[in-house]
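Text of upload_22.tsv, listed as TSV, C-alpha atoms:
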```tsv
chain	number	residue	atom	x	y	z
J	151	MET	CA	0.00	0.00	0.00
J	152	SER	CA	1.43	3.35	-1.02
J	153	ALA	CA	2.01	6.04	1.59
J	154	LYS	CA	-0.60	8.27	-0.08
J	155	VAL	CA	-3.30	5.62	0.08
J	156	ARG	CA	-2.44	4.65	3.67
J	157	THR	CA	-2.52	8.26	4.80
J	158	PHE	CA	-5.87	8.88	3.11
J	159	LEU	CA	-7.57	5.77	4.54
J	160	GLU	CA	-6.25	6.42	8.05
J	161	HIS	CA	-7.45	10.01	7.84
J	162	GLN	CA	-10.92	8.91	6.74
J	163	MET	CA	-11.15	6.30	9.50
J	164	ASN	CA	-10.26	8.95	12.09
J	165	THR	CA	-12.37	11.83	10.79
J	166	CYS	CA	-15.34	10.16	9.08
J	167	THR	CA	-16.57	8.14	12.05
J	168	ARG	CA	-19.88	7.01	10.51
J	169	HIS	CA	-17.93	5.31	7.71
J	170	ALA	CA	-14.82	4.30	9.66
J	171	GLY	CA	-15.71	0.61	9.36
J	172	ASP	CA	-16.15	0.97	5.61
J	173	TYR	CA	-12.72	2.51	5.14
J	174	SER	CA	-11.18	-0.18	7.32
J	175	THR	CA	-12.75	-2.87	5.11
J	176	MET	CA	-11.50	-1.11	1.98
J	177	ALA	CA	-7.98	-1.03	3.42
J	178	SER	CA	-8.12	-4.74	4.22
J	179	LEU	CA	-9.37	-5.71	0.75
J	180	TYR	CA	-6.78	-3.47	-0.87
J	181	GLU	CA	-3.91	-5.00	1.09
J	182	ARG	CA	-5.05	-8.51	0.11
J	183	ARG	CA	-5.44	-7.35	-3.52
J	184	ASN	CA	-8.99	-8.66	-3.66
J	185	TRP	CA	-9.91	-6.31	-6.50
J	186	HIS	CA	-13.23	-7.95	-7.35
J	187	GLN	CA	-14.44	-7.92	-3.74
J	188	LEU	CA	-13.15	-4.37	-3.32
J	189	THR	CA	-15.07	-3.25	-6.40
J	190	ASP	CA	-18.27	-4.81	-5.10
J	191	TYR	CA	-17.74	-3.12	-1.75
J	192	LEU	CA	-17.14	0.24	-3.37
J	193	GLU	CA	-20.37	-0.10	-5.36
J	194	MET	CA	-22.27	-0.85	-2.16
J	195	PHE	CA	-20.56	2.00	-0.31
J	196	MET	CA	-21.34	4.56	-3.02
J	197	LYS	CA	-25.04	3.71	-2.93
J	198	LYS	CA	-25.29	5.12	0.60
J	199	ASP	CA	-27.00	8.49	0.87
J	200	ASP	CA	-25.05	9.98	3.79
J	201	HIS	CA	-21.74	10.88	2.16
J	202	ALA	CA	-20.06	14.12	3.10
J	203	GLN	CA	-19.58	16.82	0.49
J	204	ASN	CA	-16.84	15.76	-1.96
J	205	GLU	CA	-16.29	12.49	-0.05
J	206	LEU	CA	-16.67	10.35	-3.17
J	207	ILE	CA	-14.48	12.69	-5.22
J	208	GLU	CA	-11.72	12.43	-2.61
J	209	LEU	CA	-12.19	8.65	-2.50
J	210	TYR	CA	-11.53	8.48	-6.22
J	211	GLN	CA	-8.62	10.90	-6.30
J	212	ASN	CA	-6.79	9.44	-3.31
J	213	PHE	CA	-7.71	5.76	-3.41
J	214	ILE	CA	-9.43	4.36	-6.51
J	215	ARG	CA	-6.98	6.00	-8.92
J	216	ASP	CA	-4.22	3.93	-7.37
J	217	PHE	CA	-5.68	0.66	-8.68
J	218	GLU	CA	-8.23	1.67	-11.35
J	219	THR	CA	-6.20	-0.04	-14.11
J	220	LYS	CA	-6.88	-3.36	-12.38
J	221	LEU	CA	-10.67	-2.98	-12.54
J	222	ASN	CA	-13.14	-4.00	-15.21
J	223	LEU	CA	-13.56	-0.86	-17.33
J	224	LEU	CA	-17.37	-0.91	-17.34
J	225	THR	CA	-17.45	-1.43	-13.57
J	226	LEU	CA	-15.00	1.45	-13.17
J	227	THR	CA	-17.33	3.59	-15.27
J	228	LYS	CA	-20.30	2.71	-13.05
J	229	LEU	CA	-18.27	3.88	-10.04
J	230	ALA	CA	-17.28	7.05	-11.89
J	231	LYS	CA	-20.93	7.87	-12.58
J	232	ARG	CA	-21.71	7.76	-8.86
J	233	ILE	CA	-18.61	9.79	-8.03
J	234	ALA	CA	-19.61	12.46	-10.55
J	235	THR	CA	-22.88	13.14	-8.69
J	236	GLN	CA	-20.76	15.29	-6.34
J	237	TYR	CA	-19.41	17.43	-9.18
J	238	SER	CA	-21.05	20.50	-10.67
J	239	VAL	CA	-22.21	20.09	-14.26
J	240	ALA	CA	-19.14	21.88	-15.62
J	241	ASP	CA	-16.73	19.88	-13.44
J	242	GLY	CA	-18.58	16.67	-14.33
J	243	ILE	CA	-18.07	17.37	-18.04
J	244	THR	CA	-14.37	18.04	-17.43
J	245	PHE	CA	-14.06	14.86	-15.37
J	246	PHE	CA	-15.68	12.59	-17.97
J	247	THR	CA	-13.93	14.28	-20.91
J	248	ASP	CA	-10.67	13.11	-19.34
J	249	PHE	CA	-12.06	9.84	-18.01
J	250	ILE	CA	-13.32	8.66	-21.42
J	251	ASN	CA	-9.74	8.21	-22.58
J	252	LYS	CA	-9.14	5.69	-19.80
J	253	ILE	CA	-11.92	3.33	-20.86
J	254	LYS	CA	-11.88	3.60	-24.66
J	255	ALA	CA	-10.67	-0.01	-24.95
J	256	ASP	CA	-14.09	-1.21	-23.75
J	257	LYS	CA	-16.88	-0.43	-26.24
J	258	GLY	CA	-19.67	-0.69	-23.67
J	259	ALA	CA	-17.89	1.61	-21.22
J	260	HIS	CA	-17.12	4.10	-24.01
J	261	ILE	CA	-20.78	4.23	-25.09
J	262	PHE	CA	-21.78	4.60	-21.43
J	263	VAL	CA	-19.52	7.63	-20.88
J	264	THR	CA	-20.53	9.14	-24.23
J	265	ALA	CA	-24.18	9.02	-23.12
J	266	ILE	CA	-23.30	10.43	-19.69
J	267	LEU	CA	-21.56	13.39	-21.32
J	268	GLY	CA	-24.60	14.02	-23.52
J	269	LEU	CA	-26.86	14.02	-20.48
J	270	LEU	CA	-24.58	16.43	-18.63
J	271	PHE	CA	-24.79	18.93	-21.47
J	272	LEU	CA	-28.60	18.64	-21.44
J	273	ARG	CA	-28.70	19.62	-17.78
J	274	VAL	CA	-27.97	23.15	-18.99
J	275	PRO	CA	-30.20	23.13	-22.11
J	276	GLU	CA	-28.78	26.13	-23.90
J	277	PRO	CA	-28.66	25.92	-27.73
J	278	GLN	CA	-24.94	25.14	-27.94
J	279	ASN	CA	-25.23	22.49	-25.23
J	280	ILE	CA	-28.17	20.84	-26.99
J	281	LEU	CA	-26.08	20.61	-30.16
J	282	LYS	CA	-23.21	19.04	-28.23
J	283	ALA	CA	-25.61	16.58	-26.60
J	284	ARG	CA	-26.93	15.66	-30.05
J	285	ASP	CA	-23.38	14.99	-31.23
J	286	TYR	CA	-22.72	12.68	-28.28
J	287	MET	CA	-26.04	10.94	-28.89
J	288	GLU	CA	-25.21	10.35	-32.55
J	289	HIS	CA	-21.73	9.06	-31.69
J	290	ALA	CA	-23.19	6.65	-29.14
J	291	GLN	CA	-25.78	5.46	-31.65
J	292	GLU	CA	-23.10	4.78	-34.25
J	293	GLU	CA	-21.15	2.71	-31.73
J	294	LEU	CA	-24.26	0.78	-30.69
J	295	GLU	CA	-25.07	-0.35	-34.22
J	296	GLY	CA	-24.12	-3.95	-34.79
J	297	VAL	CA	-23.08	-4.51	-31.16
J	298	ALA	CA	-24.86	-7.23	-29.19
J	299	GLY	CA	-24.70	-8.40	-25.60
J	300	LEU	CA	-24.07	-5.04	-23.96
J	301	ASP	CA	-24.74	-4.57	-20.28
J	302	PRO	CA	-28.32	-3.22	-19.83
J	303	VAL	CA	-26.95	-0.21	-17.94
J	304	VAL	CA	-25.20	0.94	-21.14
J	305	CYS	CA	-28.38	0.75	-23.21
J	306	ALA	CA	-30.38	2.38	-20.43
J	307	GLU	CA	-28.02	5.37	-20.34
J	308	PHE	CA	-28.15	5.77	-24.10
J	309	TYR	CA	-31.94	5.67	-24.23
J	310	LYS	CA	-32.14	8.01	-21.26
J	311	LEU	CA	-30.12	10.49	-23.31
J	312	CYS	CA	-32.44	9.98	-26.31
J	313	THR	CA	-35.48	10.43	-24.06
J	314	GLU	CA	-34.22	13.66	-22.51
J	315	PHE	CA	-33.12	15.03	-25.88
J	316	SER	CA	-36.54	14.32	-27.43
J	317	LYS	CA	-38.27	16.00	-24.49
J	318	ILE	CA	-36.21	19.16	-24.83
J	319	LYS	CA	-36.80	19.23	-28.58
J	320	GLY	CA	-40.56	18.80	-28.01
J	321	ASP	CA	-40.82	15.60	-30.07
J	322	GLN	CA	-43.52	13.79	-28.09
J	323	GLU	CA	-43.77	10.71	-30.27
J	324	GLN	CA	-40.00	10.14	-30.18
J	325	PHE	CA	-39.95	10.91	-26.45
J	326	PHE	CA	-42.52	8.19	-25.78
J	327	ALA	CA	-40.75	5.65	-28.00
J	328	MET	CA	-37.34	6.32	-26.44
J	329	GLY	CA	-38.88	6.35	-22.98
J	330	MET	CA	-40.22	2.84	-23.55
J	331	GLN	CA	-36.79	1.70	-24.71
J	332	PHE	CA	-35.25	3.25	-21.59
J	333	LEU	CA	-37.75	1.46	-19.35
J	334	HIS	CA	-36.94	-1.83	-21.08
J	335	PHE	CA	-33.29	-1.63	-19.94
J	336	ALA	CA	-33.39	0.54	-16.81
J	337	ASP	CA	-33.19	-0.68	-13.22
J	338	LEU	CA	-35.78	1.54	-11.55
J	339	HIS	CA	-34.14	1.00	-8.16
J	340	GLU	CA	-31.38	3.31	-9.40
J	341	TYR	CA	-33.84	6.22	-9.67
J	342	THR	CA	-35.71	8.10	-6.97
J	343	THR	CA	-39.47	7.88	-6.65
J	344	GLU	CA	-39.65	11.54	-7.69
J	345	VAL	CA	-37.76	10.85	-10.93
J	346	GLN	CA	-39.90	7.81	-11.69
J	347	THR	CA	-43.12	9.72	-11.07
J	348	GLY	CA	-41.98	12.60	-13.28
J	349	LEU	CA	-41.17	10.26	-16.16
J	350	ALA	CA	-44.44	8.36	-15.71
J	351	LEU	CA	-46.42	11.62	-15.87
J	352	ASP	CA	-44.60	12.90	-18.96
J	353	MET	CA	-45.08	9.60	-20.79
J	354	ALA	CA	-48.73	9.39	-19.77
J	355	LEU	CA	-49.43	12.87	-21.13
J	356	CYS	CA	-47.76	11.92	-24.44
J	357	ALA	CA	-49.80	8.73	-24.66
J	358	LEU	CA	-53.04	10.60	-24.03
J	359	ILE	CA	-52.45	13.59	-26.30
J	360	HIS	CA	-50.23	12.64	-29.22
J	361	PRO	CA	-52.31	11.81	-32.33
J	362	ASN	CA	-50.09	8.91	-33.42
J	363	ILE	CA	-49.68	7.00	-30.15
J	364	TYR	CA	-52.36	4.33	-29.85
J	365	ASN	CA	-50.43	1.42	-28.38
J	366	PHE	CA	-49.52	2.17	-24.79
J	367	GLY	CA	-50.52	-1.11	-23.17
J	368	GLU	CA	-46.83	-1.87	-22.63
J	369	PHE	CA	-46.50	1.36	-20.66
J	370	MET	CA	-49.58	0.48	-18.62
J	371	ALA	CA	-48.08	-2.93	-17.85
J	372	HIS	CA	-44.77	-1.44	-16.67
J	373	PRO	CA	-44.34	-0.85	-12.90
J	374	ILE	CA	-43.50	2.82	-13.48
J	375	SER	CA	-47.10	3.56	-14.51
J	376	LYS	CA	-48.16	2.53	-11.00
J	377	ARG	CA	-46.34	5.59	-9.67
J	378	LEU	CA	-49.28	7.62	-10.95
J	379	LEU	CA	-51.71	5.38	-9.09
J	380	GLU	CA	-49.66	5.70	-5.90
J	381	THR	CA	-49.61	9.52	-6.10
J	382	SER	CA	-52.91	10.91	-4.85
J	383	SER	CA	-52.78	14.01	-7.05
J	384	LEU	CA	-52.10	11.93	-10.18
J	385	SER	CA	-54.16	8.76	-9.69
J	386	TRP	CA	-56.93	10.18	-11.90
J	387	ILE	CA	-54.45	10.25	-14.84
J	388	HIS	CA	-53.90	6.51	-14.36
J	389	THR	CA	-57.69	6.08	-14.44
J	390	LEU	CA	-57.78	8.09	-17.68
J	391	LEU	CA	-55.05	5.91	-19.20
J	392	THR	CA	-57.00	2.79	-18.27
J	393	ALA	CA	-60.09	4.21	-19.96
J	394	PHE	CA	-58.11	4.91	-23.13
J	395	ASN	CA	-56.47	1.50	-23.17
J	396	SER	CA	-59.85	-0.24	-22.99
J	397	GLY	CA	-61.76	2.28	-25.13
J	398	ASP	CA	-64.13	3.01	-22.24
J	399	MET	CA	-66.04	6.15	-23.24
J	400	ALA	CA	-68.09	6.32	-20.04
J	401	ALA	CA	-64.98	6.24	-17.83
J	402	PHE	CA	-63.36	8.88	-20.05
J	403	GLU	CA	-66.33	11.24	-19.75
J	404	ALA	CA	-66.41	10.72	-15.97
J	405	VAL	CA	-62.77	11.74	-15.56
J	406	LEU	CA	-63.30	14.60	-18.00
J	407	ALA	CA	-66.09	15.99	-15.86
J	408	SER	CA	-64.32	15.68	-12.53
J	409	ASP	CA	-60.56	16.04	-13.01
J	410	VAL	CA	-59.30	17.12	-16.41
J	411	GLN	CA	-59.05	20.80	-15.46
J	412	ARG	CA	-56.35	19.83	-12.94
J	413	ASN	CA	-53.88	19.50	-15.80
J	414	GLU	CA	-53.60	22.43	-18.19
J	415	GLN	CA	-52.08	20.37	-21.01
J	416	LEU	CA	-54.91	17.84	-20.97
J	417	ALA	CA	-57.55	20.55	-20.58
J	418	ARG	CA	-56.28	22.20	-23.78
J	419	ASN	CA	-56.53	18.95	-25.72
J	420	VAL	CA	-59.97	17.62	-24.79
J	421	ALA	CA	-61.23	17.53	-28.40
J	422	ALA	CA	-58.15	15.63	-29.60
J	423	MET	CA	-58.45	13.18	-26.72
J	424	ARG	CA	-62.13	12.58	-27.43
J	425	GLN	CA	-61.39	11.70	-31.05
J	426	LYS	CA	-58.52	9.47	-30.00
J	427	ILE	CA	-60.50	7.47	-27.46
J	428	SER	CA	-63.36	7.18	-29.97
J	429	ILE	CA	-60.98	5.39	-32.33
J	430	LEU	CA	-59.75	3.18	-29.48
J	431	ALA	CA	-63.39	2.39	-28.63
J	432	LEU	CA	-63.92	1.38	-32.28
J	433	MET	CA	-60.89	-0.92	-32.10
J	434	GLN	CA	-62.16	-2.41	-28.87
J	435	LEU	CA	-65.59	-2.99	-30.41
J	436	VAL	CA	-64.00	-4.93	-33.27
J	437	PHE	CA	-61.72	-6.83	-30.91
J	438	LYS	CA	-64.66	-8.06	-28.83
J	439	ARG	CA	-66.60	-9.32	-31.84
J	440	PRO	CA	-66.16	-12.89	-33.12
J	441	ALA	CA	-63.77	-13.21	-36.06
J	442	GLN	CA	-66.64	-14.09	-38.41
J	443	ASP	CA	-68.67	-11.09	-37.30
J	444	HIS	CA	-66.70	-7.96	-38.11
J	445	CYS	CA	-69.46	-6.30	-40.10
J	446	LEU	CA	-70.50	-3.32	-37.97
J	447	SER	CA	-73.43	-1.03	-38.49
J	448	PHE	CA	-73.00	2.70	-38.22
J	449	ALA	CA	-75.46	2.61	-35.31
J	450	ASP	CA	-73.35	0.08	-33.36
J	451	ILE	CA	-70.22	2.15	-33.91
J	452	ALA	CA	-72.01	5.35	-32.89
J	453	THR	CA	-73.16	3.73	-29.64
J	454	ALA	CA	-69.71	2.34	-28.78
J	455	THR	CA	-67.89	5.58	-29.57
J	456	ALA	CA	-70.47	8.02	-28.18
J	457	ARG	CA	-70.72	9.73	-31.57
J	458	ASN	CA	-73.59	10.75	-33.79
J	459	VAL	CA	-74.30	8.37	-36.67
J	460	ASP	CA	-73.36	11.06	-39.19
J	461	GLU	CA	-69.87	11.25	-37.63
J	462	VAL	CA	-69.14	7.54	-37.91
J	463	GLU	CA	-67.86	7.52	-41.49
J	464	THR	CA	-65.33	10.26	-40.76
J	465	LEU	CA	-64.18	8.44	-37.62
J	466	VAL	CA	-63.67	5.15	-39.48
J	467	MET	CA	-61.83	6.92	-42.28
J	468	LYS	CA	-59.48	8.44	-39.69
J	469	ALA	CA	-58.79	4.99	-38.21
J	470	LEU	CA	-58.14	3.63	-41.71
J	471	SER	CA	-55.77	6.49	-42.57
J	472	LEU	CA	-53.78	5.89	-39.38
J	473	GLY	CA	-53.34	2.23	-40.28
J	474	LEU	CA	-55.11	1.12	-37.10
J	475	VAL	CA	-57.73	-0.92	-38.98
J	476	LYS	CA	-58.29	-2.25	-42.49
J	477	GLY	CA	-61.67	-2.66	-44.07
J	478	THR	CA	-64.33	-1.15	-46.30
J	479	ILE	CA	-67.16	1.30	-45.77
J	480	ASP	CA	-70.59	0.76	-47.33
J	481	GLU	CA	-72.14	4.19	-47.07
J	482	VAL	CA	-75.43	3.08	-48.65
J	483	ALA	CA	-75.98	0.17	-46.27
J	484	GLN	CA	-74.35	2.17	-43.46
J	485	GLN	CA	-72.04	-0.68	-42.58
J	486	VAL	CA	-68.32	-1.12	-42.06
J	487	GLU	CA	-66.54	-4.41	-42.77
J	488	ILE	CA	-63.33	-4.65	-40.71
J	489	SER	CA	-60.82	-7.25	-41.88
J	490	TRP	CA	-57.90	-6.39	-39.58
J	491	ILE	CA	-56.99	-4.34	-36.51
J	492	LYS	CA	-53.48	-3.31	-35.57
J	493	PRO	CA	-52.01	-5.57	-32.86
J	494	ARG	CA	-51.61	-3.98	-29.44
J	495	VAL	CA	-50.27	-4.99	-26.05
J	496	LEU	CA	-53.31	-6.28	-24.17
J	497	ASP	CA	-54.32	-5.74	-20.57
J	498	SER	CA	-55.66	-8.59	-18.41
J	499	ALA	CA	-59.31	-7.94	-19.35
J	500	GLN	CA	-58.46	-7.94	-23.06
J	501	ILE	CA	-56.49	-11.17	-22.62
J	502	ASP	CA	-59.54	-12.73	-20.96
J	503	THR	CA	-61.60	-11.72	-24.00
J	504	LEU	CA	-59.03	-13.31	-26.28
J	505	ILE	CA	-59.05	-16.51	-24.24
J	506	ALA	CA	-62.84	-16.69	-24.45
J	507	ARG	CA	-62.65	-16.28	-28.22
J	508	LEU	CA	-60.05	-19.05	-28.49
J	509	VAL	CA	-62.25	-21.36	-26.40
J	510	GLU	CA	-65.19	-20.60	-28.70
J	511	TRP	CA	-62.98	-21.15	-31.75
J	512	LYS	CA	-61.87	-24.53	-30.36
J	513	LYS	CA	-65.48	-25.49	-29.79
J	514	THR	CA	-66.42	-24.50	-33.34
J	515	ILE	CA	-63.51	-26.50	-34.78
J	516	GLY	CA	-64.60	-29.53	-32.76
J	517	GLN	CA	-68.16	-29.26	-34.04
J	518	THR	CA	-66.89	-28.93	-37.62
J	519	LEU	CA	-64.69	-32.00	-37.20
J	520	VAL	CA	-67.61	-34.08	-35.91
J	521	PHE	CA	-69.78	-32.88	-38.79
J	522	VAL	CA	-67.14	-33.80	-41.39
J	523	GLU	CA	-66.60	-37.22	-39.83
J	524	ASN	CA	-70.35	-37.94	-39.82
J	525	GLU	CA	-70.85	-36.77	-43.38
J	526	THR	CA	-67.92	-38.78	-44.77
J	527	THR	CA	-68.65	-42.13	-43.04
J	528	GLU	CA	-70.19	-43.65	-46.16
J	529	PHE	CA	-67.31	-42.38	-48.30
J	530	HIS	CA	-64.74	-44.01	-46.03
J	531	ALA	CA	-66.69	-47.28	-45.97
J	532	LYS	CA	-66.73	-47.50	-49.79
J	533	ASN	CA	-63.07	-46.68	-50.24
J	534	PHE	CA	-61.50	-48.52	-47.35
```
Any chance you could put this one into structure tokens?
Amino acid sequence: MSAKVRTFLEHQMNTCTRHAGDYSTMASLYERRNWHQLTDYLEMFMKKDDHAQNELIELYQNFIRDFETKLNLLTLTKLAKRIATQYSVADGITFFTDFINKIKADKGAHIFVTAILGLLFLRVPEPQNILKARDYMEHAQEELEGVAGLDPVVCAEFYKLCTEFSKIKGDQEQFFAMGMQFLHFADLHEYTTEVQTGLALDMALCALIHPNIYNFGEFMAHPISKRLLETSSLSWIHTLLTAFNSGDMAAFEAVLASDVQRNEQLARNVAAMRQKISILALMQLVFKRPAQDHCLSFADIATATARNVDEVETLVMKALSLGLVKGTIDEVAQQVEISWIKPRVLDSAQIDTLIARLVEWKKTIGQTLVFVENETTEFHAKNF
């Protein structure tokens, strides 16, 4: 153990009494050269929330630097990310601009740091910083192409950058898509409840308002959506999402009457939301019908979507233009023949409906088989 390291650890054990045992363990692992165990211990230590100001920075400068070349580069980068939480944005950028040269031999670690740098620039979203963040995002994307088997934390950091960039640029559709990718890779335990709730709210608003987002069952199935339900002031938005996902017009109108004015963004987009849930109600109506019975009258559609009959044709044409359904409209007979609906992630109630349809289909197939066997008995007797 070098004199610098020994002096630092002894100083921390004497002055940082709440963590004296931790520094003693670090010293022991260092002396035995148990680098893997020491790395694990450092990860655990850095997750604590009672560090003194600059404590992690000093730990890196006076201890970790001494043996960082012996560590797995991606693991070292994970430690660096936690250390950097004690830096200002400007100092964090300086730190990682230098640090990236230490880990460039590991593709995953290099992508990770590239994404971190992009996110740091976005924390001060001035025009020149947004451009720099975009450059880092594009570099990370180029490195990701054709690479498989990366640690999920690398992908999560990249998609977090894409999500934040899309939000700042005001691209709601891209924000929602990148947010779902982020949630696919992210470990939510790494993020505070406040951060999770903020992301859940932003994604919910996109799902409800954006005219091209109709498949948000996957978001509803993700644990992060429950943060809305667990927050008393936002639980009504979860109820609204549930209504949209199931095409429930009555539930939508109920929330509209009681709560929608609590959110200015939703209140400004009531007309757009009503058209959107009307289309989802149409899709739900088709989904519930047997496969051989997808011929819908204008009157049935009007009832399911809470629209006037003279509005049905326009509504169906909108659904057709969005590629959500395929079919034909018979204006004279006032009927719509639906041949296909766009697949969506189903909730438990919709899965139950699908199961019931499969059971009915099995029953029909069985009846057909018995009929064929009975009708072909004489044929089999003559030929065999």
Contact table region 157-212 of chain J vs region 336-342 of chain J, cut-off 12 Å, shortest pair per residue, only C-alpha atoms, as JSON lines:
```
{"residue": "J:Met196", "atom": "CA", "partner": "J:Glu340", "partner_atom": "CA", "distance": 12.0}
{"residue": "J:Lys197", "atom": "CA", "partner": "J:Glu340", "partner_atom": "CA", "distance": 9.1}
{"residue": "J:Lys198", "atom": "CA", "partner": "J:Glu340", "partner_atom": "CA", "distance": 11.8}
{"residue": "J:Asp199", "atom": "CA", "partner": "J:Thr342", "partner_atom": "CA", "distance": 11.7}
```
Report, in Å with one decimal, the straight-line distance from CA of Lys376 (chain J) to CA of Ala350 (chain J).
8.4 Å
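Proximity ranking of J:Pro361, J:Met423, J:Ile280, J:Leu221 relative to Gln187 (chain J) places J:Leu221 first, based on only C-alpha atoms.
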Pick out the residues sitting within 12 Å of Ala483 (chain J), and hand them over as a PyMOL selection string; count only C-alpha atoms, and ignore anything fewer than 2 positions along from it in its own chain.
chain J and resi 445-449+463+478-481+485-487
What does the distance from CA of Ser178 (chain J) to CA of Ile214 (chain J) come to in Å, to one decimal?
14.1 Å
Ranking J:Asp172, J:Glu293, J:Glu314, J:Glu160 by minimum distance to Leu192 (chain J) and counting only C-alpha atoms, which one comes first?
J:Asp172
Among J:Thr381, J:Asp241, J:Asp409, J:Ile359, Ala422 (chain J) is approached most closely, using all atoms listed in the file, by J:Ile359
Using only C-alpha atoms, determine which residues lie at most 12 Å from Cys305 (chain J), disregarding the query and same-chain residues fewer than 2 positions distant; provide the list as an mmCIF file with C-alpha atoms, in the coordinates of the input.
```
data_model
loop_
_atom_site.group_PDB
_atom_site.id
_atom_site.type_symbol
_atom_site.label_atom_id
_atom_site.label_comp_id
_atom_site.auth_asym_id
_atom_site.auth_seq_id
_atom_site.Cartn_x
_atom_site.Cartn_y
_atom_site.Cartn_z
ATOM 1 C CA LYS J 257 -16.880 -0.430 -26.240
ATOM 2 C CA GLY J 258 -19.670 -0.690 -23.670
ATOM 3 C CA ALA J 259 -17.890 1.610 -21.220
ATOM 4 C CA HIS J 260 -17.120 4.100 -24.010
ATOM 5 C CA ILE J 261 -20.780 4.230 -25.090
ATOM 6 C CA PHE J 262 -21.780 4.600 -21.430
ATOM 7 C CA VAL J 263 -19.520 7.630 -20.880
ATOM 8 C CA THR J 264 -20.530 9.140 -24.230
ATOM 9 C CA ALA J 265 -24.180 9.020 -23.120
ATOM 10 C CA ILE J 266 -23.300 10.430 -19.690
ATOM 11 C CA MET J 287 -26.040 10.940 -28.890
ATOM 12 C CA ALA J 290 -23.190 6.650 -29.140
ATOM 13 C CA GLN J 291 -25.780 5.460 -31.650
ATOM 14 C CA GLU J 293 -21.150 2.710 -31.730
ATOM 15 C CA LEU J 294 -24.260 0.780 -30.690
ATOM 16 C CA GLU J 295 -25.070 -0.350 -34.220
ATOM 17 C CA VAL J 297 -23.080 -4.510 -31.160
ATOM 18 C CA ALA J 298 -24.860 -7.230 -29.190
ATOM 19 C CA GLY J 299 -24.700 -8.400 -25.600
ATOM 20 C CA LEU J 300 -24.070 -5.040 -23.960
ATOM 21 C CA ASP J 301 -24.740 -4.570 -20.280
ATOM 22 C CA PRO J 302 -28.320 -3.220 -19.830
ATOM 23 C CA VAL J 303 -26.950 -0.210 -17.940
ATOM 24 C CA GLU J 307 -28.020 5.370 -20.340
ATOM 25 C CA PHE J 308 -28.150 5.770 -24.100
ATOM 26 C CA TYR J 309 -31.940 5.670 -24.230
ATOM 27 C CA LYS J 310 -32.140 8.010 -21.260
ATOM 28 C CA LEU J 311 -30.120 10.490 -23.310
ATOM 29 C CA CYS J 312 -32.440 9.980 -26.310
ATOM 30 C CA MET J 328 -37.340 6.320 -26.440
ATOM 31 C CA GLY J 329 -38.880 6.350 -22.980
ATOM 32 C CA GLN J 331 -36.790 1.700 -24.710
ATOM 33 C CA PHE J 332 -35.250 3.250 -21.590
ATOM 34 C CA LEU J 333 -37.750 1.460 -19.350
ATOM 35 C CA HIS J 334 -36.940 -1.830 -21.080
ATOM 36 C CA PHE J 335 -33.290 -1.630 -19.940
ATOM 37 C CA ALA J 336 -33.390 0.540 -16.810
ATOM 38 C CA ASP J 337 -33.190 -0.680 -13.220
#
```
Around (-69.2, -2.6, -29.3), as given in the file, which residues come within 12 Å? Count all atoms listed in the file and list them as a ChimeraX atom specification.
/J:396-399,428-440,443-456
With all atoms listed in the file as the atoms that count, which of J:Arg494, J:Arg232, J:Arg182, J:Arg215 lies nearest to Phe195 (chain J)?
J:Arg232
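In this structure, CA of Val462 (chain J) sits 21.8 Å away from CA of Gln442 (chain J).
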Show me as a ChimeraX atom specification the residues that reach within 12 Å of (-63.2, 16.4, -18.3), counting only C-alpha atoms and using the file's own coordinates.
/J:386-387,390,399-414,416-421,423-424
Nearest residue to Thr235 (chain J) from the set J:Ala255, J:Ala371, J:Leu270, J:Met176 (distances using all atoms listed in the file):
J:Leu270
Provide an axis-aligned box for all listed atoms of region 321-324 of chain J, padding each side by 4 Å; report its centre and its edge lengths in Å to one decimal, as JSON.
```
{"center_x": -41.9, "center_y": 12.9, "center_z": -29.2, "size_x": 11.8, "size_y": 13.5, "size_z": 10.2}
```
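Of the listed residues J:His186, J:Leu206, J:Ala240, J:Ala234, the one whose atoms come nearest to Asn279 (chain J) is J:Ala240, with distances taken using all atoms listed in the file.
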